[in-house]
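Below is upload.txt, holding compact mmCIF, C-alpha atoms.
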# COMPACT_ATOMS: atom_id res chain seq x y z
CA MET A 1 17.93 38.08 -8.91
CA PHE A 2 16.10 41.35 -9.46
CA SER A 3 17.30 44.53 -11.08
CA ARG A 4 16.91 47.82 -9.30
CA HIS A 5 13.81 48.61 -11.35
CA ASP A 6 12.04 45.34 -10.72
CA THR A 7 9.08 44.84 -8.42
CA LEU A 8 7.51 41.51 -7.68
CA THR A 9 4.01 42.84 -7.86
CA GLY A 10 2.05 45.36 -9.80
CA ALA A 11 0.22 46.48 -6.69
CA PRO A 12 1.14 49.80 -5.14
CA ALA A 13 4.21 49.52 -2.98
CA PRO A 14 3.97 49.90 0.77
CA ALA A 15 4.48 53.39 2.07
CA PRO A 16 7.73 54.27 3.81
CA PRO A 17 7.85 54.10 7.60
CA SER A 18 6.31 57.18 9.10
CA THR A 19 7.66 59.24 11.94
CA THR A 20 5.81 59.72 15.19
CA PRO A 21 4.57 63.28 15.72
CA ALA A 22 5.94 64.94 18.81
CA ARG A 23 2.47 65.41 20.27
CA ARG A 24 2.03 61.63 20.39
CA GLY A 25 5.19 61.17 22.42
CA TRP A 26 3.83 62.73 25.65
CA TRP A 27 3.74 59.29 27.29
CA LYS A 28 7.54 59.06 27.10
CA LEU A 29 8.01 61.67 29.83
CA PRO A 30 6.50 59.60 32.68
CA VAL A 31 8.27 56.49 31.34
CA LEU A 32 11.59 58.33 31.39
CA GLY A 33 10.86 59.60 34.88
CA LEU A 34 10.03 56.11 36.10
CA ALA A 35 13.19 54.68 34.50
CA ALA A 36 15.29 57.41 36.13
CA ALA A 37 13.72 56.75 39.53
CA VAL A 38 14.34 53.00 39.24
CA ALA A 39 17.93 53.58 38.14
CA ALA A 40 18.57 55.99 41.04
CA PHE A 41 17.10 53.52 43.53
CA GLU A 42 19.10 50.58 42.20
CA LEU A 43 22.36 52.54 42.06
CA ARG A 44 22.25 53.80 45.62
CA GLY A 45 25.60 53.01 47.18
CA HIS A 46 27.09 51.83 43.90
CA LEU A 47 28.08 55.17 42.35
CA PRO A 48 31.48 56.63 43.26
CA SER A 49 32.34 60.31 43.55
CA ALA A 50 33.06 62.23 40.38
CA GLY A 51 36.61 62.82 41.57
CA SER A 52 37.45 59.13 41.98
CA THR A 53 35.92 58.32 38.59
CA TRP A 54 37.92 61.08 36.91
CA ALA A 55 41.11 59.90 38.61
CA THR A 56 40.54 56.42 37.19
CA LEU A 57 39.85 57.80 33.71
CA ARG A 58 43.06 59.83 33.75
CA HIS A 59 45.09 56.66 34.29
CA ALA A 60 43.33 54.68 31.54
CA ARG A 61 45.75 53.10 29.06
CA PRO A 62 45.59 54.99 25.74
CA ALA A 63 46.50 51.96 23.60
CA TRP A 64 43.47 50.03 24.84
CA LEU A 65 41.22 53.04 24.33
CA ILE A 66 42.34 53.16 20.70
CA VAL A 67 41.50 49.45 20.37
CA ALA A 68 38.03 50.12 21.83
CA ALA A 69 37.42 52.93 19.34
CA VAL A 70 38.51 50.72 16.44
CA LEU A 71 36.15 47.96 17.59
CA GLN A 72 33.23 50.39 17.50
CA VAL A 73 34.15 51.42 13.97
CA VAL A 74 34.23 47.75 12.95
CA SER A 75 30.82 47.26 14.57
CA THR A 76 29.33 50.13 12.55
CA VAL A 77 30.94 48.96 9.31
CA ALA A 78 29.58 45.44 9.89
CA PHE A 79 26.02 46.78 10.17
CA ALA A 80 26.49 48.98 7.11
CA GLU A 81 27.77 46.01 5.11
CA GLN A 82 24.83 43.97 6.30
CA GLU A 83 22.45 46.44 4.64
CA ARG A 84 24.64 46.88 1.57
CA ARG A 85 24.86 43.13 0.92
CA LEU A 86 21.10 42.74 1.16
CA LEU A 87 20.57 45.63 -1.25
CA SER A 88 23.02 44.11 -3.71
CA ALA A 89 21.09 40.83 -3.58
CA PHE A 90 18.28 42.72 -5.36
CA GLY A 91 20.56 44.52 -7.81
CA VAL A 92 20.76 47.80 -5.86
CA LYS A 93 24.30 49.15 -5.65
CA MET A 94 25.49 51.34 -2.79
CA ARG A 95 29.09 52.36 -2.23
CA ALA A 96 30.65 51.15 1.00
CA ARG A 97 31.48 54.62 2.27
CA VAL A 98 27.96 55.83 1.53
CA SER A 99 26.49 52.89 3.42
CA VAL A 100 28.70 53.64 6.44
CA ALA A 101 27.69 57.32 6.35
CA VAL A 102 24.00 56.37 6.22
CA THR A 103 24.49 54.05 9.20
CA TYR A 104 26.18 56.77 11.27
CA ALA A 105 23.44 59.27 10.39
CA ARG A 106 20.71 56.77 11.32
CA SER A 107 22.42 55.93 14.61
CA ALA A 108 22.54 59.61 15.55
CA MET A 109 18.86 60.04 14.68
CA ALA A 110 17.83 56.99 16.70
CA THR A 111 19.67 58.38 19.72
CA ALA A 112 18.89 62.08 19.58
CA LEU A 113 15.41 62.51 18.09
CA PRO A 114 11.92 61.86 19.53
CA GLY A 115 10.66 58.65 17.96
CA GLY A 116 14.24 58.17 16.83
CA SER A 117 13.92 54.57 15.67
CA ALA A 118 11.03 55.41 13.33
CA VAL A 119 12.82 58.52 12.04
CA ALA A 120 16.01 56.53 11.41
CA ALA A 121 14.08 53.78 9.59
CA ALA A 122 12.33 56.33 7.38
CA TYR A 123 15.66 58.01 6.60
CA GLY A 124 17.23 54.69 5.64
CA PHE A 125 14.22 53.91 3.45
CA ARG A 126 14.65 57.19 1.58
CA GLN A 127 18.38 56.58 1.14
CA PHE A 128 17.69 53.13 -0.33
CA ARG A 129 15.15 54.64 -2.72
CA ALA A 130 17.63 57.34 -3.77
CA ARG A 131 20.07 54.56 -4.80
CA GLY A 132 17.51 52.93 -7.09
CA ALA A 133 15.61 50.53 -4.82
CA SER A 134 11.91 50.13 -5.50
CA LYS A 135 9.54 50.79 -2.61
CA PRO A 136 8.95 47.06 -1.88
CA ILE A 137 12.69 46.34 -1.96
CA ALA A 138 13.54 49.32 0.26
CA ALA A 139 10.87 48.28 2.77
CA ALA A 140 11.98 44.64 2.65
CA VAL A 141 15.66 45.49 3.21
CA THR A 142 14.73 47.73 6.16
CA LEU A 143 12.75 44.92 7.80
CA LEU A 144 15.19 42.15 6.92
CA CYS A 145 18.16 44.05 8.35
CA GLY A 146 16.28 44.40 11.61
CA ALA A 147 15.47 40.68 11.62
CA ALA A 148 19.11 39.81 10.88
CA SER A 149 20.27 42.00 13.77
CA VAL A 150 17.89 40.22 16.12
CA ALA A 151 19.21 36.88 14.87
CA GLY A 152 22.80 38.03 15.44
CA LEU A 153 21.96 39.05 19.00
CA ALA A 154 20.23 35.70 19.52
CA VAL A 155 23.50 33.97 18.61
CA LEU A 156 25.21 35.91 21.40
CA TYR A 157 22.47 34.95 23.85
CA ALA A 158 22.90 31.30 22.88
CA GLY A 159 26.66 31.54 23.32
CA ASP A 160 26.22 33.17 26.73
CA ALA A 161 23.79 30.43 27.79
CA VAL A 162 26.32 27.76 26.81
CA LEU A 163 29.03 29.65 28.71
CA GLN A 164 26.86 29.98 31.79
CA THR A 165 25.37 26.46 31.90
CA GLY A 166 27.89 24.35 29.99
CA THR A 167 25.07 22.71 28.02
CA THR A 168 24.24 22.69 24.33
CA ILE A 169 20.48 23.05 24.73
CA SER A 170 20.53 26.65 23.52
CA VAL A 171 22.52 25.70 20.43
CA ALA A 172 19.98 22.97 19.65
CA VAL A 173 17.13 25.49 19.98
CA VAL A 174 18.89 27.93 17.64
CA LEU A 175 19.51 25.19 15.06
CA ALA A 176 15.85 24.13 15.29
CA VAL A 177 14.70 27.70 14.68
CA VAL A 178 17.07 28.01 11.71
CA GLY A 179 15.67 24.76 10.29
CA LEU A 180 12.10 26.06 10.59
CA LEU A 181 13.09 29.30 8.86
CA VAL A 182 14.67 27.34 5.99
CA LEU A 183 11.49 25.28 5.54
CA ALA A 184 9.36 28.43 5.61
CA ALA A 185 11.64 30.06 3.03
CA ARG A 186 11.28 27.10 0.67
CA ARG A 187 7.51 27.21 0.97
CA LEU A 188 7.43 30.95 0.29
CA ARG A 189 9.75 30.53 -2.69
CA ARG A 190 7.19 28.15 -4.22
CA SER A 191 4.16 30.25 -3.32
CA GLY A 192 5.46 33.51 -4.81
CA MET A 193 3.85 36.89 -4.36
CA PRO A 194 0.11 37.34 -3.94
CA PRO A 195 -1.61 38.20 -7.22
CA ALA A 196 -1.41 41.80 -8.32
CA GLY A 197 -4.47 43.86 -7.70
CA ALA A 198 -5.83 46.80 -5.81
CA GLU A 199 -4.20 47.93 -2.61
CA PRO A 200 -5.59 45.89 0.32
CA ALA A 201 -8.17 47.74 2.36
CA GLY A 202 -7.24 48.89 5.84
CA ARG A 203 -3.96 49.03 7.72
CA LEU A 204 -4.10 45.37 8.66
CA GLY A 205 -4.46 44.31 5.04
CA ARG A 206 -1.55 46.49 3.94
CA LEU A 207 0.56 45.24 6.83
CA ARG A 208 -0.14 41.59 5.95
CA ARG A 209 0.77 42.20 2.33
CA THR A 210 4.00 44.00 3.27
CA ILE A 211 5.01 41.17 5.61
CA HIS A 212 4.28 38.56 2.95
CA GLU A 213 6.23 40.50 0.33
CA THR A 214 9.16 40.83 2.72
CA LEU A 215 9.17 37.11 3.46
CA VAL A 216 9.12 36.29 -0.23
CA TYR A 217 12.02 38.64 -0.84
CA ALA A 218 13.86 36.95 2.02
CA ALA A 219 13.25 33.57 0.40
CA VAL A 220 14.84 34.57 -2.90
CA VAL A 221 18.08 35.78 -1.30
CA PRO A 222 20.71 33.04 -1.88
CA GLY A 223 21.62 30.98 1.15
CA ARG A 224 25.30 32.01 1.01
CA ARG A 225 24.29 35.67 1.01
CA TRP A 226 22.13 35.07 4.08
CA LEU A 227 25.03 33.37 5.88
CA LEU A 228 27.19 36.41 5.14
CA VAL A 229 24.50 38.83 6.35
CA LEU A 230 23.95 36.86 9.57
CA ALA A 231 27.71 36.64 10.14
CA LEU A 232 27.94 40.44 9.76
CA ALA A 233 25.09 40.86 12.24
CA ALA A 234 26.91 38.66 14.75
CA VAL A 235 30.13 40.64 14.19
CA ASN A 236 28.22 43.88 14.77
CA TRP A 237 27.12 42.72 18.25
CA LEU A 238 30.31 40.85 19.11
CA THR A 239 32.62 43.79 18.42
CA ASP A 240 30.36 46.01 20.51
CA LEU A 241 30.68 43.52 23.38
CA LEU A 242 34.44 43.33 22.89
CA CYS A 243 34.58 47.14 23.06
CA LEU A 244 33.08 46.96 26.56
CA MET A 245 35.61 44.31 27.59
CA VAL A 246 38.51 46.38 26.25
CA CYS A 247 37.26 49.47 28.12
CA LEU A 248 37.28 47.41 31.33
CA HIS A 249 40.83 46.33 30.57
CA ALA A 250 41.85 49.93 29.82
CA VAL A 251 41.08 51.01 33.41
CA GLY A 252 42.76 47.95 34.90
CA LEU A 253 39.66 45.88 35.64
CA THR A 254 39.60 42.09 35.32
CA VAL A 255 36.06 40.72 35.16
CA SER A 256 35.14 37.27 33.92
CA ALA A 257 33.79 37.03 30.37
CA ALA A 258 30.65 35.32 31.66
CA VAL A 259 29.81 38.26 33.95
CA VAL A 260 30.55 40.87 31.27
CA GLY A 261 28.52 38.93 28.69
CA ALA A 262 25.55 38.60 31.02
CA ALA A 263 25.72 42.30 31.91
CA TYR A 264 25.93 43.30 28.25
CA LEU A 265 23.00 41.13 27.18
CA GLY A 266 20.95 42.39 30.10
CA ALA A 267 21.67 45.95 29.00
CA GLN A 268 20.41 45.14 25.50
CA LEU A 269 17.10 44.13 27.02
CA ALA A 270 17.03 47.22 29.23
CA ARG A 271 17.51 49.51 26.25
CA GLN A 272 14.18 48.32 24.84
CA ILE A 273 12.35 50.36 27.49
CA PRO A 274 10.13 52.74 25.49
CA GLY A 275 11.14 56.37 25.48
CA THR A 276 14.82 55.86 26.32
CA ALA A 277 16.64 57.24 23.30
CA GLY A 278 19.61 55.00 22.65
CA GLY A 279 19.16 53.53 26.11
CA ILE A 280 20.89 56.61 27.58
CA GLY A 281 20.86 56.35 31.36
CA VAL A 282 19.35 52.88 31.41
CA ILE A 283 22.33 51.03 29.89
CA GLU A 284 24.84 52.92 32.02
CA ALA A 285 22.92 52.11 35.20
CA GLU A 286 22.45 48.43 34.32
CA LEU A 287 26.10 47.88 33.40
CA ILE A 288 27.51 49.65 36.47
CA LEU A 289 25.14 47.75 38.74
CA ALA A 290 25.98 44.38 37.18
CA LEU A 291 29.73 44.94 37.21
CA THR A 292 29.82 46.10 40.83
CA THR A 293 27.42 43.52 42.26
CA SER A 294 27.95 40.39 40.16
CA GLY A 295 31.51 41.14 39.02
CA GLY A 296 32.79 42.61 42.27
CA ALA A 297 34.41 45.53 40.43
CA PRO A 298 35.28 48.72 42.34
CA ALA A 299 32.64 51.38 41.74
CA ALA A 300 35.04 54.03 40.43
CA ALA A 301 36.71 51.71 37.90
CA ALA A 302 33.40 50.19 36.76
CA THR A 303 31.85 53.62 36.25
CA ALA A 304 34.91 54.87 34.35
CA ALA A 305 34.89 51.82 32.07
CA VAL A 306 31.15 52.05 31.36
CA LEU A 307 31.31 55.78 30.63
CA THR A 308 34.21 55.19 28.24
CA TYR A 309 32.32 52.40 26.49
CA ARG A 310 29.24 54.58 26.12
CA LEU A 311 31.35 57.42 24.77
CA PHE A 312 32.52 55.20 21.92
CA SER A 313 29.24 53.32 21.36
CA CYS A 314 26.70 56.12 21.75
CA TRP A 315 27.64 59.70 22.51
CA ILE A 316 30.34 60.13 19.88
CA LEU A 317 27.83 58.98 17.25
CA LEU A 318 25.91 62.24 17.59
CA PRO A 319 28.51 64.62 16.05
CA VAL A 320 29.77 61.96 13.62
CA GLY A 321 26.22 61.15 12.50
CA ALA A 322 25.37 64.84 12.11
CA ALA A 323 28.44 65.34 9.92
CA CYS A 324 27.52 62.31 7.77
CA TRP A 325 23.94 63.56 7.41
CA SER A 326 25.23 66.93 6.24
CA VAL A 327 27.54 65.35 3.66
CA LEU A 328 24.82 63.00 2.36
CA ARG A 329 22.38 65.87 2.07
CA ARG A 330 24.75 67.56 -0.39
Translate this structure into structure tokens?
Amino acid sequence: MFSRHDTLTGAPAPAPPSTTPARRGWWKLPVLGLAAAVAAFELRGHLPSAGSTWATLRHARPAWLIVAAVLQVVSTVAFAEQERRLLSAFGVKMRARVSVAVTYARSAMATALPGGSAVAAAYGFRQFRARGASKPIAAAVTLLCGAASVAGLAVLYAGDAVLQTGTTISVAVVLAVVGLLVLAARRLRRSGMPPAGAEPAGRLGRLRRTIHETLVYAAVVPGRRWLLVLALAAVNWLTDLLCLMVCLHAVGLTVSAAVVGAAYLGAQLARQIPGTAGGIGVIEAELILALTTSGGAPAAAATAAVLTYRLFSCWILLPVGAACWSVLRR
């Protein structure tokens, strides 16, 4: 276990993630245009009138909307705890409410700003440093939280594959990957950090050193702590999925869990399209299309449910995140 002042190497620490200048983001405009054109083409005949959607929203059941909002709060808290528990594994203490505020602020940045993911990562890095994390630890926690989130989403994909096919092949694959990661961690634990010395020449050299340092840090985190972090990552994704299901229920829709799960996981892939901040437009289109075609849901009800889900999972994060950023700045 390392104190907040410890570093594993005497070499200069890796620099914090850098933001992408606006002038380098010109390529996002044609990508956004292409995504909008594809979404408009795919949604032809599937979008209801604004009046019918509003009528459905007006009759949504308030109790279920409250449940959906609570699920989104739980999802955010789970991600915040994921980061906080990893920081504490290296002796860096962060209060729970501060961690949640940082998570909300980062979510708003990732959604609203050009190059939002890089900006949010750099902001998180600075917040970790302000709480006493060394540069290598702050960089490692940033990367490891991302890896844990991917692993949590992979668990959902495996569960969906089992639900769709009724086989356990996906579970076996996940267990095999986990076994390989455990073996790699043991090997890294024995190898330790590369010897201290001058900063590696070139970006590739610095990147390789940062990756190796991060893997070694991952190896020294106790196994029980990793299980907790991965469980929190799975809860983060699962509660987000449950929020979508509850929003469907709030407008009176009954769609099978298999269809909703497949639509949700497909949307998570769609949101990776470069240039789509927070997946705005892309996720809405994919979910509405999947629910109306595969799930047989009426267009007005499906649109109302998806818009409600996105209100809780995306749009409301902008004012909340801005408020948290303002408070943290003080």
Open item on the list: Need the shell around stretch 141-152 of chain A: protein/DNA/RNA residues with any atom at most 6 Å away, counting only C-alpha atoms. Skip same-chain ones fewer than 6 positions apart. Format as a list in words?
Closed with: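 Listed by chain and then number, they are Leu230, Ala233 and Ala234 of chain A.
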Would you write out those residues with C-alpha atoms, as a tab-separated table (two decimals), keeping the file's coordinate frame?
chain	number	residue	atom	x	y	z
A	230	LEU	CA	23.95	36.86	9.57
A	233	ALA	CA	25.09	40.86	12.24
A	234	ALA	CA	26.91	38.66	14.75
Draw an axis-aligned box over all listed atoms of stretch 309-327 of chain A, pad each side with 6 Å, and write its centre and edge lengths in Å, one decimal, as lines of an AutoDock Vina configuration file.
center_x = 28.2
center_y = 59.7
center_z = 15.1
size_x = 20.6
size_y = 26.5
size_z = 34.8
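With atom CA of A:Ala108 on one side and atom CA of A:Ala304 on the other, the separation reads 23.0 Å.
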Task: Counting all atoms listed in the file, the residue of A:Thr292, A:Pro222, A:Arg95, A:Glu284 that sits nearest A:Leu311 - done: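 So, comparing all the options, the nearest one is A:Glu284.
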Open item on the list: One decimal, in Å: what's the spacing between atom CA of A:Val259 and atom CA of A:Val67?
Closed with: 21.1 Å
- [ ] Would you please work out which residue, of A:Leu248, A:Ala80, A:Val327, A:Val98, is nearest to A:Thr303 when using all atoms listed in the file?
- [x] A:Leu248
Task: Distance criterion (all atoms listed in the file): nearest to A:Ala140 out of A:Val216, A:Val100, A:Val282, A:Ala122 - done: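 Between A:Val216, A:Val100, A:Val282, A:Ala122, the residue approaching A:Ala140 most closely is A:Val216.
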TODO: State, in Å with one decimal place, the distance from atom CA of A:Ala138 to atom CA of A:Gln72.
DONE: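 Separation between atom CA of A:Ala138 and atom CA of A:Gln72: 26.2 Å.
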- [ ] Name the closest residue to A:Gly295 among the candidates A:Leu241, A:Val255, A:Leu307, A:Leu265; distances are taken between atoms, counting only C-alpha atoms.
- [x] A:Val255
TODO: For each of A:Ala105, A:Ala121, A:Ala262, A:Val221, take the minimum atom-to-atom distance to A:Ala158, counting only C-alpha atoms, then give the residue where this is smallest.
DONE: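 Ranking A:Ala105, A:Ala121, A:Ala262, A:Val221 by distance to A:Ala158, first place goes to A:Ala262.
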